[in-house]
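Have a look at the structure below before the remarks.
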Amino acid sequence: MKNSLKQMMRTPVKTALFLALTVLAALLITLGASVWVKSYTTMAAYEDRFITIGTVRQVPGAFEQTLQWDAEQQSYQLIKKEQFTSYRLAEELDFPGAAYLSGPEVRAYYGSYTPEYVKMWKSTNPDRVRSSFVIVEFSPLEDCVPGESVQIKITKVVGGDKRLADNVVWFCDHKNPEPEALSQDRTYVAALCSYRYIHGTALQKAYEEAGMGEPRIDLEYIPYPLDSEIFYPDGSRAEDAFRDGQEIFELTDGFYESDAGRRLLAMTETMEWGYDIQPVTGTGETCLLMPFYNGDSFIREGRDINREEYEAGSKVCLAPKTFMENNGLTLGDKVTVRLLFTNGRKNAGRDFWLDGSFSCSAAYFDENGEALVPFETSEYTVVGIYDTVAESMDAVSTYTSGSDELIVPLKSIKEREGRNLMDVGPMTDRTASFRIPNGTIEEFQLGFAQSGIDDLEFTFYDMGYSALKAGMDDMRNLSFLLLASGILLAGLLLVFFSHLFITKQAKRTAIERSLGMGSMQCRWSMLSGFLLLVLFGSIIGSLAGIRASADVSAENAGNTYFDTAFTAGAAHAANEVAVEEVQPEGQWLLAVCCATALTAAGGVIAFVKMNKSLKKEPMQLLAEREKE
């Protein structure tokens with residue numbers, strides 16, 4: 001080895017260059033391998049934490065424009081309504097190449113009539129006067145035409161909160177362009193619902209009485225129609241003789257035996273059912289519900305419904321914490337579900353708000369005036385208790401869970417095909433969703449583009465998976481480039497310098513053999529210094545590569561530096577997974593392996609070169625050197 005090193009030191013520039021290039025090659029190889037291992041390890045560690053879902057919205061084919069009279073504006077208001085020739089079904093999303101993990105599903109929510117349970121509205125407002133909807137007998141305080149807000153006195157509450165009897169309230173036949181005159185000495189019957197603030201002479205008078213101060217502005221009541229709110233699955237309303245008919249009736253002898261009187265009594269029978277309605281939502285996987293996917297709703301106690309229970313349609317459910325507390329229920333208790341109606345247009349959060357308020361029908365009867373009958377009764381075991389946090393009322397009405405909402409397996413509802421359909425509509429991002437494998441959004445879109453359906457829009461959510469995967473792919477590409485560059489450099493380097501330090505030292509080999517040295521001694525004499533330099537450079541380069549890899553952050557690789565909120569087809573990172581860089585174990589072992597591999601490669605190449613020299617006779621080698 002001593003002689004070999006002395007020989008190499010006679011050409012210090014070549015030796016120094018060889019050592020420096022060896023360090024560089026080892027650094028590139030180790031850095032590339034380390035970055036690849038880090039990206040692979042980080043992705044593997046977080047793969048199962050990501051969930052990719054898509055929501056679906058059916059685009060309207062046209063808009064219907066209708067005119068509605070507004071008594072406050074004293075003009076017709078233009079109302080636009082989406083028009084659909086038909087509503088898309090979940091089965092139409094089952095196109096070739098669609099690899100669904102769950103769904104696709106188009107959800108309805110079901111109204112469960114269970115007066116035995118305390119609902120959010122009753123728990124938060126037990127003594128509130130329920131004044132938003134009443135059926136009353138009333139008389140105006142003076143002869144009038146209710147084309148603006150006028151005062152009436154409620155003489156009798158036929159249906160609703162009896163505490164409103166003998167109260168004076170404001171009234172307007174707000175949506176009627178030609179309201180009929182009302183006489184002070186007559187009594188009228190109508191279903192009334194609270195609407196907007198008073199207007200007309202009443203409002204002007206309120207300002208005058210307030211002087212320079214702020215006037216007290218009251219709400220007015222308007223008539224409520226008597227027709228049924230039942231729909232057919234195609235979106236049309238059930239035929240009803242009271243549709244677009246009279247809404248205010250004069251009280252006469254035998255009125256309640258007339259068709260209008262019987263319809264009002266039918267409404268009286270069902271009008272307060274809304275206070276005892278509990279929303280029930282069926283799904284095929286909890287993560288398909290946006291409140292749970294984006295983290296607004298989360299399981300506080302117990303567990304989620306598992307895949308086997310969803311597939312089997314087991315009678316298990318998730319129940320909200322407030323509902324369980326208000327009714328003294330605990331995990332494992334059974335909850336009775338008595339399905340009264342189906343709403344195929346909205347999610348429960350649009351009708352049942354977390355503050356206990358709700359927007360529900362006042363007419364739970366069919367087109368014949370017969371009260372709806374529950375179409376399915378079941379008992380569900382509570383396996384999980386969840387809580388909901390909403391930052392704003394917009395979130396509550398859009399994606400947040402409804403108050404008292406039960407989550408059940410969709411397959412557990414046997415009569416789920418539109419029984420007692422109170423509303424129906426197209427797919428929306430609140431009611432239609434599916435789950436696909438992570439990283440397959442582009443494949444899904446390409447497959448759907450060939451399905452021939454052009455009136456559906458998709459929004460994808462992947463918790464930041466697409467951005468992270470793009471970053472990891474960039475890191476892998478970088479690692480392959482570094483690794484390939486290092487291997488190529490190492491190969492050229494070893495071949496070239498083995499030629500300089502071994503092949504071109506053939507004369508020395510011939511002299512040593514002529515002096516009686518054996519093959520093994522000659523090999524050691526020539527290779528030892530070369531291999532020592534390769535080993536020394538490989539160790540330094542490998543250690544430097546491991547150190548440099550620590551500065552290549554997998555954590556920041558998935559960062560997006562531009563806003564994708566309005567990018568078509570972009571994946572949104574709702575409830576984004578917080579990715580922390582995974583430091584693979586055995587990084588130093590990787591450095592050892594890289595140094596060993598590089599040294600071994602150098603040894604093999606040098607050994608081959610040396611063997612070529614040893615196969616020739618010493619005199620032949622000396623002759624060749626003389627010719628040179």
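Just so we're on the same page: first chain in the structure tokens is A, next is B, and so on; residues restart at 1 for each chain, and ligands are numbered from 1 in the order they show up.
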Within 9 Å of A:Glu309, counting only C-alpha atoms, which residues qualify if same-chain residues fewer than 6 places away don't, as a PyMOL selection string?
chain A and resi 315-316+409
Can you write just those residues out, all heavy atoms, as a PDB file, in the first residue's frame?
```
ATOM      1  N   LYS A 315     -78.817  -1.758  12.330  1.00  0.00           N
ATOM      2  CA  LYS A 315     -79.594  -0.735  13.029  1.00  0.00           C
ATOM      3  C   LYS A 315     -78.734  -0.071  14.103  1.00  0.00           C
ATOM      4  O   LYS A 315     -78.950  -0.225  15.310  1.00  0.00           O
ATOM      5  CB  LYS A 315     -80.842  -1.364  13.652  1.00  0.00           C
ATOM      6  CG  LYS A 315     -81.812  -1.949  12.636  1.00  0.00           C
ATOM      7  CD  LYS A 315     -82.477  -0.869  11.792  1.00  0.00           C
ATOM      8  CE  LYS A 315     -83.532  -1.457  10.867  1.00  0.00           C
ATOM      9  NZ  LYS A 315     -84.230  -0.430  10.067  1.00  0.00           N
ATOM     10  N   VAL A 316     -77.733   0.669  13.660  1.00  0.00           N
ATOM     11  CA  VAL A 316     -76.865   1.428  14.555  1.00  0.00           C
ATOM     12  C   VAL A 316     -76.856   2.872  14.071  1.00  0.00           C
ATOM     13  O   VAL A 316     -77.184   3.157  12.919  1.00  0.00           O
ATOM     14  CB  VAL A 316     -75.436   0.854  14.581  1.00  0.00           C
ATOM     15  CG1 VAL A 316     -75.426  -0.552  15.180  1.00  0.00           C
ATOM     16  CG2 VAL A 316     -74.831   0.823  13.173  1.00  0.00           C
ATOM     17  N   PRO A 409     -76.882   3.942   8.719  1.00  0.00           N
ATOM     18  CA  PRO A 409     -76.560   3.321   7.435  1.00  0.00           C
ATOM     19  C   PRO A 409     -77.736   3.454   6.473  1.00  0.00           C
ATOM     20  O   PRO A 409     -78.880   3.172   6.836  1.00  0.00           O
ATOM     21  CB  PRO A 409     -76.303   1.853   7.797  1.00  0.00           C
ATOM     22  CG  PRO A 409     -75.931   1.876   9.251  1.00  0.00           C
ATOM     23  CD  PRO A 409     -76.748   2.978   9.842  1.00  0.00           C
TER      24      PRO A 409
END
```
Would you please give, as JSON, numbers by chain, all residues of stretch 268-451 of chain A that DSSP assigns to strand (DSSP E) based on the backbone?
{"A": [277, 278, 279, 280, 281, 282, 283, 297, 298, 299, 300, 301, 302, 316, 317, 318, 319, 320, 334, 335, 336, 337, 338, 339, 340, 341, 342, 343, 344, 376, 377, 378, 379, 380, 381, 382, 383, 384, 385, 386, 387, 388, 406, 407, 408, 409, 421, 422, 423, 424, 432, 433, 434, 435, 436]}
Between stretch 386-474 of chain A and stretch 349-372 of chain A, at 6 Å or less, what are the per-residue closest atom pairs and their distances in Å? Count only C-alpha atoms, order by chain and rising residue number, and return it as a tab-separated table.
```
residue	atom	partner	partner_atom	distance
A:Ser397	CA	A:Arg350	CA	4.4
A:Thr400	CA	A:Gly349	CA	5.5
A:Ser401	CA	A:Gly349	CA	4.9
A:Gly402	CA	A:Gly349	CA	3.8
A:Ser403	CA	A:Leu354	CA	4.8
```
Write a file of the selected residues as a CSV table (one decimal), in the first residue's frame, keeping C-alpha atoms.
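Result file follows (again36.csv):
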```csv
chain,number,residue,atom,x,y,z
A,397,SER,CA,-77.2,26.2,6.6
A,400,THR,CA,-73.1,21.7,9.0
A,401,SER,CA,-75.1,18.9,10.6
A,402,GLY,CA,-78.6,19.6,11.6
A,403,SER,CA,-79.7,19.9,15.2
```
Between A:Asp218, A:Glu443, A:Asp455, A:Asp404, which one has atoms that come closest to A:Phe323, using only C-alpha atoms?
A:Asp404
Using only C-alpha atoms, which residue out of A:Ala601, A:Phe444, A:Ile277, A:Asn347 lies closest to A:Pro96?
A:Phe444
From the set A:Ile385, A:Leu67, A:Val136, A:Ala484, which residue has the shortest atom-to-atom contact distance to A:Ile154, counting only C-alpha atoms?
A:Val136
Minimum-distance residue to A:Gln74, chosen among A:Thr431, A:Asn327, A:Ser412, A:Asn176 (using only C-alpha atoms)
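Residue with the minimum atom-to-atom distance to A:Gln74: A:Asn176.
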Can you measure atom CA of A:Ile135 to atom CA of A:Gly159 for me? One decimal in Å is fine.
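If I compute the distance from atom CA of A:Ile135 to atom CA of A:Gly159, I get 4.8 Å.
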Spatial neighbours of stretch 248-262 of chain A, 9 Å, only C-alpha atoms, chain gap at least 4 places, as a PyMOL selection string:
chain A and resi 137+173+186-191+223-224+226+242+266-267+369
Since we have the selection now, will you write its residues out, keeping N, CA and C atoms, as a PDB file, in the first residue's frame?
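Final output, selection-v1.pdb:
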```
ATOM      1  N   GLU A 137    -108.979  32.639  14.012  1.00  0.00           N
ATOM      2  CA  GLU A 137    -110.120  33.452  13.631  1.00  0.00           C
ATOM      3  C   GLU A 137    -109.776  34.878  14.042  1.00  0.00           C
ATOM      4  N   ASP A 173    -102.107  40.842   3.081  1.00  0.00           N
ATOM      5  CA  ASP A 173    -102.260  39.839   2.022  1.00  0.00           C
ATOM      6  C   ASP A 173    -101.162  40.122   0.995  1.00  0.00           C
ATOM      7  N   ARG A 186    -116.892  41.659  10.772  1.00  0.00           N
ATOM      8  CA  ARG A 186    -116.931  40.267  10.353  1.00  0.00           C
ATOM      9  C   ARG A 186    -115.702  39.529  10.893  1.00  0.00           C
ATOM     10  N   THR A 187    -115.841  38.203  10.960  1.00  0.00           N
ATOM     11  CA  THR A 187    -114.743  37.362  11.448  1.00  0.00           C
ATOM     12  C   THR A 187    -114.247  36.492  10.298  1.00  0.00           C
ATOM     13  N   TYR A 188    -112.943  36.355  10.219  1.00  0.00           N
ATOM     14  CA  TYR A 188    -112.320  35.617   9.130  1.00  0.00           C
ATOM     15  C   TYR A 188    -111.454  34.486   9.714  1.00  0.00           C
ATOM     16  N   VAL A 189    -111.190  33.512   8.868  1.00  0.00           N
ATOM     17  CA  VAL A 189    -110.359  32.370   9.263  1.00  0.00           C
ATOM     18  C   VAL A 189    -109.236  32.221   8.238  1.00  0.00           C
ATOM     19  N   ALA A 190    -108.024  31.994   8.748  1.00  0.00           N
ATOM     20  CA  ALA A 190    -106.885  31.797   7.840  1.00  0.00           C
ATOM     21  C   ALA A 190    -105.736  31.155   8.609  1.00  0.00           C
ATOM     22  N   ALA A 191    -104.892  30.493   7.864  1.00  0.00           N
ATOM     23  CA  ALA A 191    -103.601  30.060   8.408  1.00  0.00           C
ATOM     24  C   ALA A 191    -102.624  31.197   8.158  1.00  0.00           C
ATOM     25  N   PRO A 223    -101.102  35.344   4.748  1.00  0.00           N
ATOM     26  CA  PRO A 223    -101.823  34.069   4.644  1.00  0.00           C
ATOM     27  C   PRO A 223    -100.902  32.936   4.187  1.00  0.00           C
ATOM     28  N   TYR A 224    -101.200  31.735   4.677  1.00  0.00           N
ATOM     29  CA  TYR A 224    -100.449  30.545   4.311  1.00  0.00           C
ATOM     30  C   TYR A 224    -101.334  29.661   3.439  1.00  0.00           C
ATOM     31  N   LEU A 226    -103.230  26.495   1.621  1.00  0.00           N
ATOM     32  CA  LEU A 226    -103.815  25.303   2.227  1.00  0.00           C
ATOM     33  C   LEU A 226    -103.512  24.024   1.454  1.00  0.00           C
ATOM     34  N   PHE A 242    -106.738  22.741  -3.711  1.00  0.00           N
ATOM     35  CA  PHE A 242    -106.509  24.011  -3.020  1.00  0.00           C
ATOM     36  C   PHE A 242    -105.264  24.742  -3.523  1.00  0.00           C
ATOM     37  N   ALA A 266    -107.458  19.836   9.130  1.00  0.00           N
ATOM     38  CA  ALA A 266    -106.389  18.868   8.840  1.00  0.00           C
ATOM     39  C   ALA A 266    -105.025  19.495   9.088  1.00  0.00           C
ATOM     40  N   MET A 267    -104.895  20.751   8.702  1.00  0.00           N
ATOM     41  CA  MET A 267    -103.643  21.455   8.959  1.00  0.00           C
ATOM     42  C   MET A 267    -103.437  21.657  10.454  1.00  0.00           C
ATOM     43  N   GLY A 369    -105.895  15.809   2.014  1.00  0.00           N
ATOM     44  CA  GLY A 369    -106.094  16.365   3.343  1.00  0.00           C
ATOM     45  C   GLY A 369    -105.938  15.350   4.457  1.00  0.00           C
TER      46      GLY A 369
END
```
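One distance worth recording is that between atom CA of A:Asn306 and atom CA of A:Leu101, which is 13.8 Å.
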Determine the nearest neighbour of A:His199 from the options A:Thr114, A:Ala319, A:Val157, A:Ala71, counting only C-alpha atoms.
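The answer is A:Ala71, which sits nearest to A:His199.
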Considering only C-alpha atoms, return as a ChimeraX atom specification whatever protein or nucleic-acid residues lie within 8 Å of stretch 291-301 of chain A, sequence-local ones (same chain, fewer than 2 positions apart) excluded.
/A:286-289,303-304,331,384-390,399-401,574-575
Generate the output file for the selected residues, all heavy atoms, as a compact mmCIF listing (two decimals), in the first residue's frame.
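Writing done, so here's out-v6.txt:
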```
# COMPACT_ATOMS: atom_id res chain seq x y z
N THR A 286 -69.48 7.57 6.73
CA THR A 286 -69.60 8.84 7.45
C THR A 286 -68.83 9.95 6.76
O THR A 286 -69.26 11.11 6.73
CB THR A 286 -69.09 8.68 8.89
OG1 THR A 286 -69.66 7.50 9.46
CG2 THR A 286 -69.47 9.87 9.74
N CYS A 287 -67.67 9.63 6.15
CA CYS A 287 -66.85 10.67 5.54
C CYS A 287 -67.50 11.28 4.31
O CYS A 287 -67.05 12.32 3.82
CB CYS A 287 -65.47 10.12 5.19
SG CYS A 287 -65.48 8.88 3.88
N LEU A 288 -68.57 10.67 3.78
CA LEU A 288 -69.26 11.26 2.63
C LEU A 288 -70.10 12.47 3.04
O LEU A 288 -70.55 13.23 2.18
CB LEU A 288 -70.15 10.22 1.96
CG LEU A 288 -69.43 9.03 1.32
CD1 LEU A 288 -70.43 8.10 0.65
CD2 LEU A 288 -68.38 9.50 0.32
N LEU A 289 -70.32 12.64 4.33
CA LEU A 289 -71.05 13.80 4.84
C LEU A 289 -70.05 14.92 5.08
O LEU A 289 -69.13 14.78 5.88
CB LEU A 289 -71.78 13.44 6.13
CG LEU A 289 -72.72 12.24 6.06
CD1 LEU A 289 -73.28 11.93 7.45
CD2 LEU A 289 -73.86 12.50 5.08
N ARG A 303 -67.66 5.20 18.91
CA ARG A 303 -66.95 4.92 17.66
C ARG A 303 -67.81 5.28 16.46
O ARG A 303 -69.00 5.56 16.58
CB ARG A 303 -66.58 3.44 17.59
CG ARG A 303 -67.82 2.52 17.57
CD ARG A 303 -67.45 1.06 17.33
NE ARG A 303 -68.60 0.17 17.40
CZ ARG A 303 -69.44 -0.05 16.40
NH1 ARG A 303 -69.27 0.57 15.24
NH2 ARG A 303 -70.46 -0.90 16.53
N ASP A 304 -67.17 5.24 15.30
CA ASP A 304 -67.88 5.46 14.05
C ASP A 304 -68.59 4.17 13.64
O ASP A 304 -68.25 3.07 14.09
CB ASP A 304 -66.88 5.87 12.97
CG ASP A 304 -67.55 6.46 11.74
OD1 ASP A 304 -68.79 6.53 11.72
OD2 ASP A 304 -66.81 6.83 10.79
N LEU A 331 -74.37 6.13 25.66
CA LEU A 331 -73.85 5.26 24.62
C LEU A 331 -74.38 3.84 24.80
O LEU A 331 -74.38 3.30 25.90
CB LEU A 331 -72.33 5.25 24.68
CG LEU A 331 -71.56 4.77 23.44
CD1 LEU A 331 -71.78 5.73 22.29
CD2 LEU A 331 -70.07 4.67 23.75
N GLY A 384 -72.07 5.78 18.58
CA GLY A 384 -71.18 6.93 18.65
C GLY A 384 -71.96 8.20 18.94
O GLY A 384 -73.07 8.38 18.46
N ILE A 385 -71.38 9.06 19.75
CA ILE A 385 -71.98 10.36 20.07
C ILE A 385 -71.07 11.43 19.47
O ILE A 385 -69.87 11.46 19.73
CB ILE A 385 -72.11 10.55 21.59
CG1 ILE A 385 -73.00 9.45 22.18
CG2 ILE A 385 -72.65 11.94 21.91
CD1 ILE A 385 -73.08 9.50 23.70
N TYR A 386 -71.65 12.30 18.64
CA TYR A 386 -70.84 13.31 17.97
C TYR A 386 -71.24 14.71 18.40
O TYR A 386 -72.32 14.95 18.93
CB TYR A 386 -70.93 13.16 16.45
CG TYR A 386 -72.24 13.59 15.83
CD1 TYR A 386 -72.44 14.90 15.39
CD2 TYR A 386 -73.29 12.69 15.65
CE1 TYR A 386 -73.63 15.30 14.80
CE2 TYR A 386 -74.48 13.07 15.06
CZ TYR A 386 -74.64 14.37 14.65
OH TYR A 386 -75.83 14.77 14.07
N ASP A 387 -70.34 15.62 18.15
CA ASP A 387 -70.57 17.03 18.45
C ASP A 387 -70.30 17.82 17.19
O ASP A 387 -69.61 17.35 16.28
CB ASP A 387 -69.65 17.49 19.58
CG ASP A 387 -70.20 18.72 20.30
OD1 ASP A 387 -71.24 19.24 19.86
OD2 ASP A 387 -69.59 19.16 21.29
N THR A 388 -70.84 19.03 17.12
CA THR A 388 -70.70 19.87 15.93
C THR A 388 -70.30 21.27 16.36
O THR A 388 -70.84 21.82 17.31
CB THR A 388 -72.01 19.93 15.13
OG1 THR A 388 -72.34 18.61 14.68
CG2 THR A 388 -71.86 20.83 13.92
N VAL A 389 -69.35 21.83 15.64
CA VAL A 389 -68.92 23.20 15.86
C VAL A 389 -69.07 23.95 14.55
O VAL A 389 -68.57 23.50 13.51
CB VAL A 389 -67.45 23.28 16.32
CG1 VAL A 389 -67.02 24.73 16.48
CG2 VAL A 389 -67.26 22.52 17.62
N ALA A 390 -69.80 25.05 14.57
CA ALA A 390 -70.02 25.85 13.35
C ALA A 390 -69.52 27.26 13.61
O ALA A 390 -69.81 27.86 14.63
CB ALA A 390 -71.49 25.86 12.98
N TYR A 399 -73.26 23.31 5.15
CA TYR A 399 -72.60 22.03 5.30
C TYR A 399 -72.66 21.46 6.71
O TYR A 399 -72.27 20.33 6.94
CB TYR A 399 -71.12 22.14 4.91
CG TYR A 399 -70.90 22.19 3.42
CD1 TYR A 399 -70.02 23.11 2.85
CD2 TYR A 399 -71.55 21.31 2.57
CE1 TYR A 399 -69.80 23.14 1.49
CE2 TYR A 399 -71.34 21.34 1.20
CZ TYR A 399 -70.46 22.26 0.67
OH TYR A 399 -70.26 22.28 -0.68
N THR A 400 -73.14 22.22 7.68
CA THR A 400 -73.13 21.74 9.04
C THR A 400 -74.26 20.75 9.29
O THR A 400 -75.31 20.83 8.68
CB THR A 400 -73.24 22.93 10.01
OG1 THR A 400 -72.18 23.84 9.74
CG2 THR A 400 -73.13 22.48 11.44
N SER A 401 -74.02 19.83 10.20
CA SER A 401 -75.07 18.88 10.57
C SER A 401 -76.28 19.62 11.13
O SER A 401 -76.17 20.72 11.66
CB SER A 401 -74.54 17.90 11.63
OG SER A 401 -73.44 17.17 11.13
N ALA A 574 -59.88 20.53 2.15
CA ALA A 574 -60.70 20.67 3.36
C ALA A 574 -60.17 19.74 4.44
O ALA A 574 -59.80 18.61 4.17
CB ALA A 574 -62.15 20.32 3.04
N ASN A 575 -60.12 20.25 5.68
CA ASN A 575 -59.62 19.45 6.80
C ASN A 575 -58.26 18.87 6.46
O ASN A 575 -58.01 17.67 6.59
CB ASN A 575 -60.61 18.32 7.14
CG ASN A 575 -60.33 17.73 8.50
OD1 ASN A 575 -59.70 18.33 9.35
ND2 ASN A 575 -60.81 16.51 8.71
```
Can you work out the spacing between atom CA of A:Cys594 and atom CA of A:Lys469 in Å, to one decimal?
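Atom CA of A:Lys469 lies 26.9 Å from atom CA of A:Cys594.
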Need to verify the contact set: stretch 456-458 of chain A, 8 Å, only C-alpha atoms, exclusion of same-chain residues closer than 5 positions in sequence. Can you return it as a PyMOL selection string?
chain A and resi 54-59+569
From the options A:Asp454, A:Glu220, A:Asp462, A:Asp429, which residue's atoms come nearest to A:Cys172, counting only C-alpha atoms?
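The closest residue to A:Cys172 is A:Glu220.
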Nearby residues (only C-alpha atoms) at most 12 Å from A:Phe375, same-chain spacing under 3 positions excluded, as a PyMOL selection string
chain A and resi 110-113+337-342+372+378+413-421
Take the residues that were just selected and, keeping N, CA, C and O atoms, output them as a PDB file, in the first residue's frame.
```pdb
ATOM      1  N   TYR A 110     -84.624  12.253   6.252  1.00  0.00           N
ATOM      2  CA  TYR A 110     -85.951  11.770   6.614  1.00  0.00           C
ATOM      3  C   TYR A 110     -86.384  12.430   7.913  1.00  0.00           C
ATOM      4  O   TYR A 110     -85.579  12.626   8.828  1.00  0.00           O
ATOM      5  N   GLY A 111     -87.663  12.791   7.964  1.00  0.00           N
ATOM      6  CA  GLY A 111     -88.214  13.383   9.181  1.00  0.00           C
ATOM      7  C   GLY A 111     -88.802  12.298  10.069  1.00  0.00           C
ATOM      8  O   GLY A 111     -89.747  11.615   9.678  1.00  0.00           O
ATOM      9  N   SER A 112     -88.226  12.137  11.239  1.00  0.00           N
ATOM     10  CA  SER A 112     -88.705  11.131  12.197  1.00  0.00           C
ATOM     11  C   SER A 112     -89.610  11.817  13.218  1.00  0.00           C
ATOM     12  O   SER A 112     -89.181  12.719  13.939  1.00  0.00           O
ATOM     13  N   TYR A 113     -90.867  11.381  13.275  1.00  0.00           N
ATOM     14  CA  TYR A 113     -91.833  11.992  14.198  1.00  0.00           C
ATOM     15  C   TYR A 113     -91.793  11.231  15.522  1.00  0.00           C
ATOM     16  O   TYR A 113     -92.321  10.129  15.648  1.00  0.00           O
ATOM     17  N   VAL A 337     -86.904   5.494  15.849  1.00  0.00           N
ATOM     18  CA  VAL A 337     -87.009   6.295  14.636  1.00  0.00           C
ATOM     19  C   VAL A 337     -88.337   5.952  13.971  1.00  0.00           C
ATOM     20  O   VAL A 337     -88.617   4.787  13.703  1.00  0.00           O
ATOM     21  N   ARG A 338     -89.133   6.993  13.731  1.00  0.00           N
ATOM     22  CA  ARG A 338     -90.457   6.807  13.136  1.00  0.00           C
ATOM     23  C   ARG A 338     -90.529   7.730  11.913  1.00  0.00           C
ATOM     24  O   ARG A 338     -90.872   8.907  12.028  1.00  0.00           O
ATOM     25  N   LEU A 339     -90.168   7.206  10.752  1.00  0.00           N
ATOM     26  CA  LEU A 339     -90.008   8.036   9.557  1.00  0.00           C
ATOM     27  C   LEU A 339     -91.364   8.489   9.025  1.00  0.00           C
ATOM     28  O   LEU A 339     -92.205   7.668   8.657  1.00  0.00           O
ATOM     29  N   LEU A 340     -91.530   9.815   8.961  1.00  0.00           N
ATOM     30  CA  LEU A 340     -92.798  10.398   8.539  1.00  0.00           C
ATOM     31  C   LEU A 340     -92.743  10.916   7.110  1.00  0.00           C
ATOM     32  O   LEU A 340     -93.707  10.798   6.364  1.00  0.00           O
ATOM     33  N   PHE A 341     -91.615  11.520   6.717  1.00  0.00           N
ATOM     34  CA  PHE A 341     -91.523  12.091   5.375  1.00  0.00           C
ATOM     35  C   PHE A 341     -90.086  12.008   4.874  1.00  0.00           C
ATOM     36  O   PHE A 341     -89.141  11.751   5.638  1.00  0.00           O
ATOM     37  N   THR A 342     -89.936  12.259   3.582  1.00  0.00           N
ATOM     38  CA  THR A 342     -88.635  12.266   2.921  1.00  0.00           C
ATOM     39  C   THR A 342     -88.420  13.625   2.282  1.00  0.00           C
ATOM     40  O   THR A 342     -89.323  14.162   1.639  1.00  0.00           O
ATOM     41  N   LEU A 372    -100.312  12.558   7.166  1.00  0.00           N
ATOM     42  CA  LEU A 372     -99.315  11.566   6.783  1.00  0.00           C
ATOM     43  C   LEU A 372     -99.156  10.520   7.882  1.00  0.00           C
ATOM     44  O   LEU A 372     -99.276  10.832   9.075  1.00  0.00           O
ATOM     45  N   SER A 378     -88.296   1.976  13.459  1.00  0.00           N
ATOM     46  CA  SER A 378     -87.152   1.136  13.813  1.00  0.00           C
ATOM     47  C   SER A 378     -86.564   1.623  15.126  1.00  0.00           C
ATOM     48  O   SER A 378     -86.858   2.735  15.588  1.00  0.00           O
ATOM     49  N   ILE A 413     -82.475   1.714   6.091  1.00  0.00           N
ATOM     50  CA  ILE A 413     -83.787   2.285   5.813  1.00  0.00           C
ATOM     51  C   ILE A 413     -84.395   1.491   4.656  1.00  0.00           C
ATOM     52  O   ILE A 413     -83.966   1.627   3.511  1.00  0.00           O
ATOM     53  N   LYS A 414     -85.356   0.670   4.937  1.00  0.00           N
ATOM     54  CA  LYS A 414     -85.939  -0.200   3.909  1.00  0.00           C
ATOM     55  C   LYS A 414     -86.779   0.598   2.914  1.00  0.00           C
ATOM     56  O   LYS A 414     -86.736   0.353   1.716  1.00  0.00           O
ATOM     57  N   GLU A 415     -87.561   1.548   3.422  1.00  0.00           N
ATOM     58  CA  GLU A 415     -88.449   2.350   2.563  1.00  0.00           C
ATOM     59  C   GLU A 415     -87.782   3.689   2.265  1.00  0.00           C
ATOM     60  O   GLU A 415     -88.209   4.739   2.715  1.00  0.00           O
ATOM     61  N   ARG A 416     -86.710   3.639   1.507  1.00  0.00           N
ATOM     62  CA  ARG A 416     -85.928   4.860   1.287  1.00  0.00           C
ATOM     63  C   ARG A 416     -86.159   5.482  -0.083  1.00  0.00           C
ATOM     64  O   ARG A 416     -85.472   6.428  -0.458  1.00  0.00           O
ATOM     65  N   GLU A 417     -87.099   4.949  -0.832  1.00  0.00           N
ATOM     66  CA  GLU A 417     -87.307   5.417  -2.197  1.00  0.00           C
ATOM     67  C   GLU A 417     -88.436   6.433  -2.289  1.00  0.00           C
ATOM     68  O   GLU A 417     -89.454   6.214  -2.925  1.00  0.00           O
ATOM     69  N   GLY A 418     -88.295   7.552  -1.608  1.00  0.00           N
ATOM     70  CA  GLY A 418     -89.206   8.677  -1.817  1.00  0.00           C
ATOM     71  C   GLY A 418     -90.592   8.540  -1.236  1.00  0.00           C
ATOM     72  O   GLY A 418     -91.551   9.038  -1.822  1.00  0.00           O
ATOM     73  N   ARG A 419     -90.751   7.892  -0.086  1.00  0.00           N
ATOM     74  CA  ARG A 419     -92.059   7.811   0.545  1.00  0.00           C
ATOM     75  C   ARG A 419     -92.399   9.141   1.214  1.00  0.00           C
ATOM     76  O   ARG A 419     -91.562   9.758   1.865  1.00  0.00           O
ATOM     77  N   ASN A 420     -93.681   9.588   1.067  1.00  0.00           N
ATOM     78  CA  ASN A 420     -94.127  10.873   1.629  1.00  0.00           C
ATOM     79  C   ASN A 420     -93.107  11.966   1.298  1.00  0.00           C
ATOM     80  O   ASN A 420     -92.545  12.630   2.169  1.00  0.00           O
ATOM     81  N   LEU A 421     -92.916  12.169   0.022  1.00  0.00           N
ATOM     82  CA  LEU A 421     -91.867  13.066  -0.456  1.00  0.00           C
ATOM     83  C   LEU A 421     -92.295  14.521  -0.301  1.00  0.00           C
ATOM     84  O   LEU A 421     -93.174  15.012  -1.008  1.00  0.00           O
TER      85      LEU A 421
END
```
Residues near A:Cys144, anyone? I mean within 7 Å using only C-alpha atoms, not counting same-chain ones fewer than 4 positions away, as a PyMOL selection string.
chain A and resi 181-183
